[in-house]
Amino acid sequence: MWDALIITPFINALLFIYSLVGNFGIAIILFTILIRLITHPLMASQIKGSKAMQTLQQDKRYIEIQTKYKDDKEKLAIEQQKLMKELGINPFASCLPTLIQFPIIIGLYQAIIQAMASTPLEMMTLTRHIYPGLLKVSSLIPLNSQFLWMELGQPERLNIPGIPFGIPVLAVVVALTTYLQSKLITPATSSSNPSDPNNQAAMMGKMMNLYMPFLMGYMALTLASGLAIYFFTSNLIGIGQYALLGQMNLGNLLPKKKADVKQTVDVKPVQSKPVSTKPKGKK
Amino acid sequence: MKAKYITTIFMLAILAMLLTACGGAIPTNSIPGVSAAGDTAYLANAGEVYAIRLADGGLNWKYPAEKAEAGRYYYAAPVIAGNYLLAGDYLNSLHALSANNGSQQWIYTQAGRFVASPLVVNDVIVAPNSNRSVYGFDLNGSLLWKFGSTEPFWAQPVTDGTLAFVAGMDHYLYAIQPVDGSLVWKTDLEGAMAYPPAVGDGKVYQTTIASELIALNAANGSIEWRFKADSAIWMQPVLRDGILYFGDIQGNVYAVDEATGTQKWKLPMEKEPLMGTPAVLENGLVFSSESGNIILVDYNGMKQWNRTIDGKLYSGVVLSGETLLVGVTKGKVALVAFDLNGNQKWVYPPQD
């Protein structure tokens with residue numbers, strides 16, 4: 001079911017692009033861009049929803065409710081719902097698009113892995129996914145897995161004469177772009193109170209921002225370089241999507257001033273546009 | 001603050017450099033390699049090579065003797081070369097082991113993945129590699145020559161006693177001189193080849209994943225005839241008494257006249273994707289299927305018996321004396337031995 005609905009169509013789309021461009025590295029990049037473009041409306045909706053939730057958490061009334069009903073969870077939930085209804089905020093507006101995007105992104109990842117078949121068994125499995133009406137196995141296989149200095153089915157290393165070991169350029173680039181992306185899409189914190197749930201979320205975000213680049217860098221180091229290219233492309237597209245939606249937080253890359261702490265705000269009911277589309281880094 | 005970011009980037013770069021040293025290859029999904037010589041079966045599976053007694057399935061030795069090395073996988077069927085057992089790995093090395101005790105005698109580390117087994121002909125080791133090369137070594141592991149191509153080699157070479165025939169994933173079948181690696185001829189067969197050809201009667205018979213069996217003149221590589229099967233062929237054909245036998249991925253077994261390329265008979269077996277080389281018995285051929293079945297098909301195209309193993313079978317069936325050996329993928333055991341009537345003799349590793 002999963003294979004028939006997601007993996008097989010994705011593999012065929014990827015291989016179709018490959019049959020047009022004749023280079024598997026470029027095919028991975030184009031395919032990643034294509035899928036991210038298709039899912040862009042979902043991502044925009046997710047960003048809009050989470051932005052509305054963040055702004056809600058800075059609202060005076062929301063903070064008052066948190067304090068007032070901190071010992072009565074039931075009442076707190078009712079009052080929160082009431083406030084969200086009043087402001088026109090849908091609590092599922094951010095998580096539903098994420099849930100829909102999730103299988104697509106997983107499918108994209110798995111399709112790339114399967115298409116980079118580097119053993120007979122993997123190749124046989126791949127050929128079974130190919131729609132014979134769309135693609136001709138005999139001319140398609142073997143895939144040209146050479147891209148720049150990389151063998152896409154193998155971990156990437158750049159060998160420079162005189163240096164006795166290969167340099168993992170992609171791993172470093174993936175780690176850096178992951179770090180950049182996480183910094184650029186993280187909203188500025190609104191409270192300095194450590195007991196504030198919003199602040200706790202920001203703390204968790206900070207921890208993620210620290211660990212994710214290492215994790216992604218390690219994955220790019222040890223997994224096939226075709227996947228590292230996907231990680232890198234995906235990071236760049238992610239940054240581009242946030243920039244396009246005006247949600248990129250360039251301020252996170254600049255040194256912070258002490259007076260840069262945000263104040264609470266009065267939120268107006270949501271209309272057809274996002275609550276705020278102005279980049280927070282800009283003053 | 002600027003210094004902080006520079007430090008972070010520097011630390012990331014250093015960490016990546018350090019991880020290079022311990023970062024292994026990606027996990028692989030491949031097919032166990034099985035072979036036999038004398039009274040011993042050899043199995044290359046995942047991180048180890050095993051020498052197993054054919055008589056009772058007991059372990060003689062394994063390599064490495066201690067813990068398997070992370071990221072180093074062995075899947076190419078080990079091959080005897082003089083007193084050595086040759087085992088290629090997926091971490092770019094060819095190992096020559098003592099056939100008696102599995103101790104390493106020499107190792108060549110400058111290649112790519114060894115998906116296919118080497119061929120030993122006239123004291124020359126002809127070793128195809130995934131790095132688009134075929135290597136020639138003497139029996140002491142000294143590199144004699146290297147032959148380059150445009151795509152990986154996944155099939156074990158075969159010989160007619162003079163030339164080595166090497167099937168490439170680049171659609172070309174190559175005939176090379178084992179002594180110096182020089183090219184005698186090459187022919188484009190318009191399909192990738194992951195299995196070796198059969199050789200006989202002055203011809204080479206090659207299957208392709210483009211669903212064809214093709215007969216070529218062994219001396220000059222000219223194509224004599226082509227036979228189109230119903231689906232992709234992931235199997236070495238078997239030549240016996242003027243008939244070629246092979247199966248395809250849809251489960252059809254074919255008998256084709258070797259002189260003319262015309263079909264003698266076809267046995268369809270639904271849901272039995274056939275892969276690997278069949279074993280040749282007096283009364284028929286033993287095929288293994290992905291669905292876990294061992295099937296004896298007689299030379300008239302009739303199914304004689306069927307045995308089922310828990311797991312997937314891609315390695316084909318190896319015959320050694322009175323024993324049939326089958327490598328198992330995704331099963332509880334890695335190797336199963338049967339007698340010639342299909343009765344199970346033992347499994348490895350032994351089960352309670």
# chains A, B, ... in the order shown; residues from 1 in each chain; ligands from 1
call {"tool": "residues_around", "arguments": {"residues": "Lys228 in chain B", "least_positions_apart": "3", "cutoff": "9 Å", "atoms": "only C-alpha atoms", "output": "MDAnalysis selection string"}}
result
chainID B and resid 210:214 231
call {"tool": "write_last_selection", "arguments": {"atoms": "all heavy atoms", "output": "PDB file, in the first residue's frame"}}
result
ATOM      1  N   ALA B 210      17.568  -6.950 -19.357  1.00  0.00           N
ATOM      2  CA  ALA B 210      16.644  -6.506 -20.401  1.00  0.00           C
ATOM      3  C   ALA B 210      15.919  -7.715 -20.997  1.00  0.00           C
ATOM      4  O   ALA B 210      15.453  -7.663 -22.144  1.00  0.00           O
ATOM      5  CB  ALA B 210      17.407  -5.755 -21.479  1.00  0.00           C
ATOM      6  N   SER B 211      15.831  -8.793 -20.233  1.00  0.00           N
ATOM      7  CA  SER B 211      15.018  -9.983 -20.544  1.00  0.00           C
ATOM      8  C   SER B 211      15.534 -10.796 -21.723  1.00  0.00           C
ATOM      9  O   SER B 211      14.747 -11.465 -22.399  1.00  0.00           O
ATOM     10  CB  SER B 211      13.553  -9.594 -20.823  1.00  0.00           C
ATOM     11  OG  SER B 211      13.084  -8.694 -19.873  1.00  0.00           O
ATOM     12  N   GLU B 212      16.822 -10.772 -21.999  1.00  0.00           N
ATOM     13  CA  GLU B 212      17.334 -11.507 -23.152  1.00  0.00           C
ATOM     14  C   GLU B 212      18.388 -12.541 -22.772  1.00  0.00           C
ATOM     15  O   GLU B 212      19.149 -12.334 -21.813  1.00  0.00           O
ATOM     16  CB  GLU B 212      17.964 -10.543 -24.161  1.00  0.00           C
ATOM     17  CG  GLU B 212      16.940  -9.802 -25.001  1.00  0.00           C
ATOM     18  CD  GLU B 212      17.591  -9.117 -26.196  1.00  0.00           C
ATOM     19  OE1 GLU B 212      18.497  -8.279 -25.975  1.00  0.00           O
ATOM     20  OE2 GLU B 212      17.196  -9.409 -27.331  1.00  0.00           O
ATOM     21  N   LEU B 213      18.395 -13.617 -23.546  1.00  0.00           N
ATOM     22  CA  LEU B 213      19.511 -14.561 -23.542  1.00  0.00           C
ATOM     23  C   LEU B 213      20.171 -14.404 -24.904  1.00  0.00           C
ATOM     24  O   LEU B 213      19.493 -14.486 -25.936  1.00  0.00           O
ATOM     25  CB  LEU B 213      19.004 -15.995 -23.357  1.00  0.00           C
ATOM     26  CG  LEU B 213      20.021 -17.106 -23.585  1.00  0.00           C
ATOM     27  CD1 LEU B 213      21.107 -17.103 -22.519  1.00  0.00           C
ATOM     28  CD2 LEU B 213      19.340 -18.472 -23.600  1.00  0.00           C
ATOM     29  N   ILE B 214      21.473 -14.155 -24.906  1.00  0.00           N
ATOM     30  CA  ILE B 214      22.168 -13.845 -26.160  1.00  0.00           C
ATOM     31  C   ILE B 214      23.360 -14.786 -26.329  1.00  0.00           C
ATOM     32  O   ILE B 214      24.139 -14.981 -25.384  1.00  0.00           O
ATOM     33  CB  ILE B 214      22.640 -12.371 -26.165  1.00  0.00           C
ATOM     34  CG1 ILE B 214      21.424 -11.445 -26.012  1.00  0.00           C
ATOM     35  CG2 ILE B 214      23.396 -12.044 -27.463  1.00  0.00           C
ATOM     36  CD1 ILE B 214      21.766 -10.025 -25.641  1.00  0.00           C
ATOM     37  N   SER B 231      10.420 -11.696 -18.902  1.00  0.00           N
ATOM     38  CA  SER B 231      10.797 -10.654 -17.932  1.00  0.00           C
ATOM     39  C   SER B 231      12.300 -10.686 -17.682  1.00  0.00           C
ATOM     40  O   SER B 231      13.018 -11.513 -18.273  1.00  0.00           O
ATOM     41  CB  SER B 231      10.021 -10.843 -16.620  1.00  0.00           C
ATOM     42  OG  SER B 231      10.374 -12.064 -16.033  1.00  0.00           O
TER      43      SER B 231
END
call {"tool": "select_by_dssp", "arguments": {"residues": "range 154-283 of chain B", "states": "strand (DSSP E or B)", "output": "JSON, numbers by chain"}}
result
{"B": [158, 159, 164, 165, 166, 167, 172, 173, 174, 175, 176, 183, 184, 185, 186, 187, 188, 198, 199, 200, 203, 204, 205, 206, 207, 212, 213, 214, 215, 216, 217, 223, 224, 225, 226, 227, 228, 234, 238, 239, 240, 243, 244, 245, 246, 247, 252, 253, 254, 255, 256, 257, 263, 264, 265, 266, 267, 268, 274, 275, 277, 279, 280]}
call {"tool": "write_last_selection", "arguments": {"atoms": "C-alpha atoms", "output": "PDB file, in the first residue's frame"}}
result
ATOM      1  CA  VAL B 158      34.003 -17.210 -16.515  1.00  0.00           C
ATOM      2  CA  THR B 159      36.614 -18.750 -18.783  1.00  0.00           C
ATOM      3  CA  ALA B 164      38.073 -14.469 -19.309  1.00  0.00           C
ATOM      4  CA  PHE B 165      34.533 -13.279 -20.112  1.00  0.00           C
ATOM      5  CA  VAL B 166      33.354 -10.466 -17.894  1.00  0.00           C
ATOM      6  CA  ALA B 167      29.783  -9.155 -17.965  1.00  0.00           C
ATOM      7  CA  TYR B 172      29.023  -4.727 -22.576  1.00  0.00           C
ATOM      8  CA  LEU B 173      30.326  -8.258 -22.434  1.00  0.00           C
ATOM      9  CA  TYR B 174      34.124  -8.189 -22.404  1.00  0.00           C
ATOM     10  CA  ALA B 175      36.595 -10.871 -23.396  1.00  0.00           C
ATOM     11  CA  ILE B 176      39.996 -10.203 -21.861  1.00  0.00           C
ATOM     12  CA  LEU B 183      40.871  -6.537 -24.349  1.00  0.00           C
ATOM     13  CA  VAL B 184      40.224  -9.139 -27.029  1.00  0.00           C
ATOM     14  CA  TRP B 185      36.713  -8.011 -27.864  1.00  0.00           C
ATOM     15  CA  LYS B 186      33.672  -6.332 -26.363  1.00  0.00           C
ATOM     16  CA  THR B 187      30.055  -6.436 -27.493  1.00  0.00           C
ATOM     17  CA  ASP B 188      27.126  -4.210 -26.559  1.00  0.00           C
ATOM     18  CA  ALA B 198      27.685 -19.823 -19.650  1.00  0.00           C
ATOM     19  CA  VAL B 199      30.440 -21.014 -21.980  1.00  0.00           C
ATOM     20  CA  GLY B 200      30.487 -23.993 -24.355  1.00  0.00           C
ATOM     21  CA  LYS B 203      29.987 -19.756 -27.734  1.00  0.00           C
ATOM     22  CA  VAL B 204      29.242 -17.531 -24.777  1.00  0.00           C
ATOM     23  CA  TYR B 205      25.626 -17.364 -23.570  1.00  0.00           C
ATOM     24  CA  GLN B 206      24.757 -14.252 -21.615  1.00  0.00           C
ATOM     25  CA  THR B 207      21.518 -13.217 -19.895  1.00  0.00           C
ATOM     26  CA  GLU B 212      17.334 -11.507 -23.152  1.00  0.00           C
ATOM     27  CA  LEU B 213      19.511 -14.561 -23.542  1.00  0.00           C
ATOM     28  CA  ILE B 214      22.168 -13.845 -26.160  1.00  0.00           C
ATOM     29  CA  ALA B 215      24.616 -16.235 -27.821  1.00  0.00           C
ATOM     30  CA  LEU B 216      27.946 -14.828 -28.975  1.00  0.00           C
ATOM     31  CA  ASN B 217      30.896 -16.262 -30.813  1.00  0.00           C
ATOM     32  CA  ILE B 223      26.106 -12.107 -31.823  1.00  0.00           C
ATOM     33  CA  GLU B 224      24.763 -15.387 -33.184  1.00  0.00           C
ATOM     34  CA  TRP B 225      21.195 -15.227 -31.864  1.00  0.00           C
ATOM     35  CA  ARG B 226      18.988 -13.548 -29.272  1.00  0.00           C
ATOM     36  CA  PHE B 227      16.149 -15.039 -27.261  1.00  0.00           C
ATOM     37  CA  LYS B 228      13.566 -12.797 -25.599  1.00  0.00           C
ATOM     38  CA  TRP B 234      18.847 -12.399 -12.901  1.00  0.00           C
ATOM     39  CA  VAL B 238      23.061 -23.565 -17.552  1.00  0.00           C
ATOM     40  CA  LEU B 239      24.240 -25.432 -20.656  1.00  0.00           C
ATOM     41  CA  ARG B 240      23.589 -29.174 -20.698  1.00  0.00           C
ATOM     42  CA  ILE B 243      20.102 -27.069 -24.237  1.00  0.00           C
ATOM     43  CA  LEU B 244      20.301 -23.838 -22.245  1.00  0.00           C
ATOM     44  CA  TYR B 245      18.203 -23.597 -19.091  1.00  0.00           C
ATOM     45  CA  PHE B 246      17.382 -20.482 -17.104  1.00  0.00           C
ATOM     46  CA  GLY B 247      14.551 -18.780 -15.240  1.00  0.00           C
ATOM     47  CA  ASN B 252       9.221 -18.919 -15.938  1.00  0.00           C
ATOM     48  CA  VAL B 253      11.776 -21.633 -16.569  1.00  0.00           C
ATOM     49  CA  TYR B 254      12.975 -21.871 -20.179  1.00  0.00           C
ATOM     50  CA  ALA B 255      14.776 -24.512 -22.225  1.00  0.00           C
ATOM     51  CA  VAL B 256      16.384 -23.023 -25.332  1.00  0.00           C
ATOM     52  CA  ASP B 257      18.260 -24.777 -28.107  1.00  0.00           C
ATOM     53  CA  GLN B 263      12.523 -22.315 -27.290  1.00  0.00           C
ATOM     54  CA  LYS B 264      12.122 -26.020 -26.483  1.00  0.00           C
ATOM     55  CA  TRP B 265       9.756 -25.574 -23.596  1.00  0.00           C
ATOM     56  CA  LYS B 266       8.667 -23.113 -20.934  1.00  0.00           C
ATOM     57  CA  LEU B 267       7.441 -23.895 -17.439  1.00  0.00           C
ATOM     58  CA  PRO B 268       5.529 -21.025 -15.828  1.00  0.00           C
ATOM     59  CA  LEU B 274      13.766 -16.997  -9.891  1.00  0.00           C
ATOM     60  CA  MET B 275      17.222 -15.629  -9.201  1.00  0.00           C
ATOM     61  CA  THR B 277      22.307 -20.006 -10.581  1.00  0.00           C
ATOM     62  CA  ALA B 279      22.215 -26.601  -9.486  1.00  0.00           C
ATOM     63  CA  VAL B 280      22.544 -29.242 -12.180  1.00  0.00           C
TER      64      VAL B 280
END
call {"tool": "interface_residues", "arguments": {"of": "chain A", "to": "chain B", "cutoff": "10 Å", "atoms": "only C-alpha atoms", "output": "ChimeraX atom specification"}}
result
/A:117-124,127-128,136-146,151,153-155,157,165-173,175-176,179,213-214,217-224,253-256
call {"tool": "residues_around", "arguments": {"residues": "range 56-62 of chain B", "least_positions_apart": "2", "cutoff": "10 Å", "atoms": "only C-alpha atoms", "output": "VMD selection string"}}
result
chain B and resid 40 to 44 48 to 54 64 to 66 68 99 to 103 335 to 337 345 to 350
call {"tool": "write_last_selection", "arguments": {"atoms": "C-alpha atoms", "output": "tab-separated table (two decimals), in the first residue's frame"}}
result
chain	number	residue	atom	x	y	z
B	40	THR	CA	33.78	-27.62	3.12
B	41	ALA	CA	31.06	-25.10	2.36
B	42	TYR	CA	31.96	-21.41	2.41
B	43	LEU	CA	29.49	-18.70	3.24
B	44	ALA	CA	30.04	-14.95	2.96
B	48	GLU	CA	31.85	-12.60	8.31
B	49	VAL	CA	33.08	-15.46	6.15
B	50	TYR	CA	32.38	-18.98	7.42
B	51	ALA	CA	33.93	-22.36	6.64
B	52	ILE	CA	31.33	-25.01	7.42
B	53	ARG	CA	31.70	-28.80	7.34
B	54	LEU	CA	29.55	-30.29	4.59
B	64	PRO	CA	37.43	-12.51	11.23
B	65	ALA	CA	37.95	-14.90	14.11
B	66	GLU	CA	36.97	-12.26	16.63
B	68	ALA	CA	33.19	-8.49	12.81
B	99	ALA	CA	41.62	-22.32	3.49
B	100	ASN	CA	42.60	-24.45	6.49
B	101	ASN	CA	42.13	-22.05	9.36
B	102	GLY	CA	40.87	-18.73	7.97
B	103	SER	CA	43.91	-16.70	8.92
B	335	LEU	CA	22.60	-21.52	5.04
B	336	VAL	CA	20.53	-24.68	4.50
B	337	ALA	CA	21.83	-28.02	3.23
B	345	LYS	CA	20.45	-32.22	6.24
B	346	TRP	CA	21.43	-29.30	8.43
B	347	VAL	CA	21.20	-25.54	8.80
B	348	TYR	CA	23.73	-22.92	9.76
B	349	PRO	CA	23.75	-21.47	12.34
B	350	PRO	CA	22.39	-24.55	14.10
call {"tool": "select_by_dssp", "arguments": {"residues": "range 209-264 of chain A", "states": "helix (DSSP H, G or I)", "output": "PyMOL selection string"}}
result
chain A and resi 209-222+225-244+250-253+258-260
call {"tool": "residues_around", "arguments": {"residues": "Phe31 in chain A", "least_positions_apart": "2", "cutoff": "9 Å", "atoms": "only C-alpha atoms", "output": "list in words"}}
result
Phe10, Ala13, Leu14, Ile17, Ile26, Ala27, Ile28, Ile29, Ile33, Leu34, Ile35, Arg36 and Leu108 of chain A
call {"tool": "residues_around", "arguments": {"residues": "Ile107 in chain B", "least_positions_apart": "5", "cutoff": "12 Å", "atoms": "only C-alpha atoms", "output": "list in words"}}
result
Tyr84, Leu85, Leu86, Ala87, Gly88, Asp89, Leu91, Asn92, Ser93, Leu94, His95, Ala96, Leu97, Ser98, Phe137, Leu139, Asn140, Gly141, Ser142 and Leu143 of chain B
call {"tool": "write_last_selection", "arguments": {"atoms": "N, CA, C and O atoms", "output": "compact mmCIF listing (two decimals), in the first residue's frame"}}
result
# COMPACT_ATOMS: atom_id res chain seq x y z
N TYR B 84 44.66 -20.74 -0.93
CA TYR B 84 43.94 -19.62 -0.32
C TYR B 84 42.44 -19.67 -0.62
O TYR B 84 42.00 -20.25 -1.61
N LEU B 85 41.73 -18.98 0.24
CA LEU B 85 40.31 -18.73 -0.02
C LEU B 85 40.19 -17.23 -0.23
O LEU B 85 40.56 -16.44 0.64
N LEU B 86 39.66 -16.82 -1.37
CA LEU B 86 39.55 -15.39 -1.68
C LEU B 86 38.16 -14.89 -1.30
O LEU B 86 37.15 -15.48 -1.70
N ALA B 87 38.12 -13.80 -0.56
CA ALA B 87 36.84 -13.21 -0.17
C ALA B 87 36.93 -11.70 -0.33
O ALA B 87 37.72 -11.03 0.32
N GLY B 88 36.11 -11.17 -1.23
CA GLY B 88 36.07 -9.72 -1.42
C GLY B 88 35.04 -9.11 -0.49
O GLY B 88 34.07 -9.76 -0.11
N ASP B 89 35.28 -7.87 -0.09
CA ASP B 89 34.32 -7.24 0.81
C ASP B 89 33.75 -5.96 0.18
O ASP B 89 34.14 -5.56 -0.92
N LEU B 91 34.08 -3.08 1.53
CA LEU B 91 34.87 -1.94 2.00
C LEU B 91 36.20 -1.91 1.25
O LEU B 91 37.25 -1.64 1.82
N ASN B 92 36.10 -2.28 -0.04
CA ASN B 92 37.18 -2.06 -1.01
C ASN B 92 38.36 -3.02 -0.92
O ASN B 92 39.43 -2.73 -1.45
N SER B 93 38.20 -4.15 -0.24
CA SER B 93 39.36 -5.05 -0.05
C SER B 93 39.09 -6.46 -0.53
O SER B 93 37.96 -6.97 -0.44
N LEU B 94 40.15 -7.07 -1.02
CA LEU B 94 40.13 -8.50 -1.35
C LEU B 94 41.04 -9.21 -0.36
O LEU B 94 42.21 -8.85 -0.22
N HIS B 95 40.47 -10.21 0.34
CA HIS B 95 41.21 -10.92 1.39
C HIS B 95 41.58 -12.31 0.88
O HIS B 95 40.74 -13.01 0.32
N ALA B 96 42.83 -12.69 1.09
CA ALA B 96 43.23 -14.07 0.82
C ALA B 96 43.43 -14.73 2.18
O ALA B 96 44.25 -14.29 3.00
N LEU B 97 42.64 -15.78 2.43
CA LEU B 97 42.67 -16.45 3.74
C LEU B 97 43.25 -17.85 3.58
O LEU B 97 43.17 -18.45 2.49
N SER B 98 43.77 -18.36 4.65
CA SER B 98 44.17 -19.77 4.64
C SER B 98 42.89 -20.60 4.58
O SER B 98 41.99 -20.42 5.41
N PHE B 137 45.50 -10.25 -10.39
CA PHE B 137 46.52 -10.45 -9.34
C PHE B 137 47.20 -11.79 -9.57
O PHE B 137 46.60 -12.71 -10.13
N LEU B 139 48.89 -15.11 -7.46
CA LEU B 139 48.34 -15.80 -6.28
C LEU B 139 48.89 -15.24 -4.96
O LEU B 139 48.39 -15.58 -3.88
N ASN B 140 49.93 -14.41 -5.05
CA ASN B 140 50.46 -13.79 -3.83
C ASN B 140 49.88 -12.40 -3.58
O ASN B 140 50.33 -11.69 -2.68
N GLY B 141 48.94 -12.02 -4.43
CA GLY B 141 48.26 -10.74 -4.19
C GLY B 141 48.92 -9.55 -4.84
O GLY B 141 48.53 -8.41 -4.58
N SER B 142 49.92 -9.79 -5.69
CA SER B 142 50.55 -8.66 -6.40
C SER B 142 49.68 -8.28 -7.59
O SER B 142 49.24 -9.15 -8.35
N LEU B 143 49.47 -6.99 -7.73
CA LEU B 143 48.63 -6.50 -8.83
C LEU B 143 49.38 -6.65 -10.14
O LEU B 143 50.49 -6.15 -10.30
call {"tool": "atom_distance", "arguments": {"atom1": "CA of Thr39 in chain A", "atom2": "CA of Gln101 in chain A"}}
result
6.7 Å
call {"tool": "closest_residue", "arguments": {"among": "A:Val174, A:Met248, A:Met208, A:Ile63", "to": "Asn235 in chain A", "atoms": "only C-alpha atoms"}}
result
A:Val174
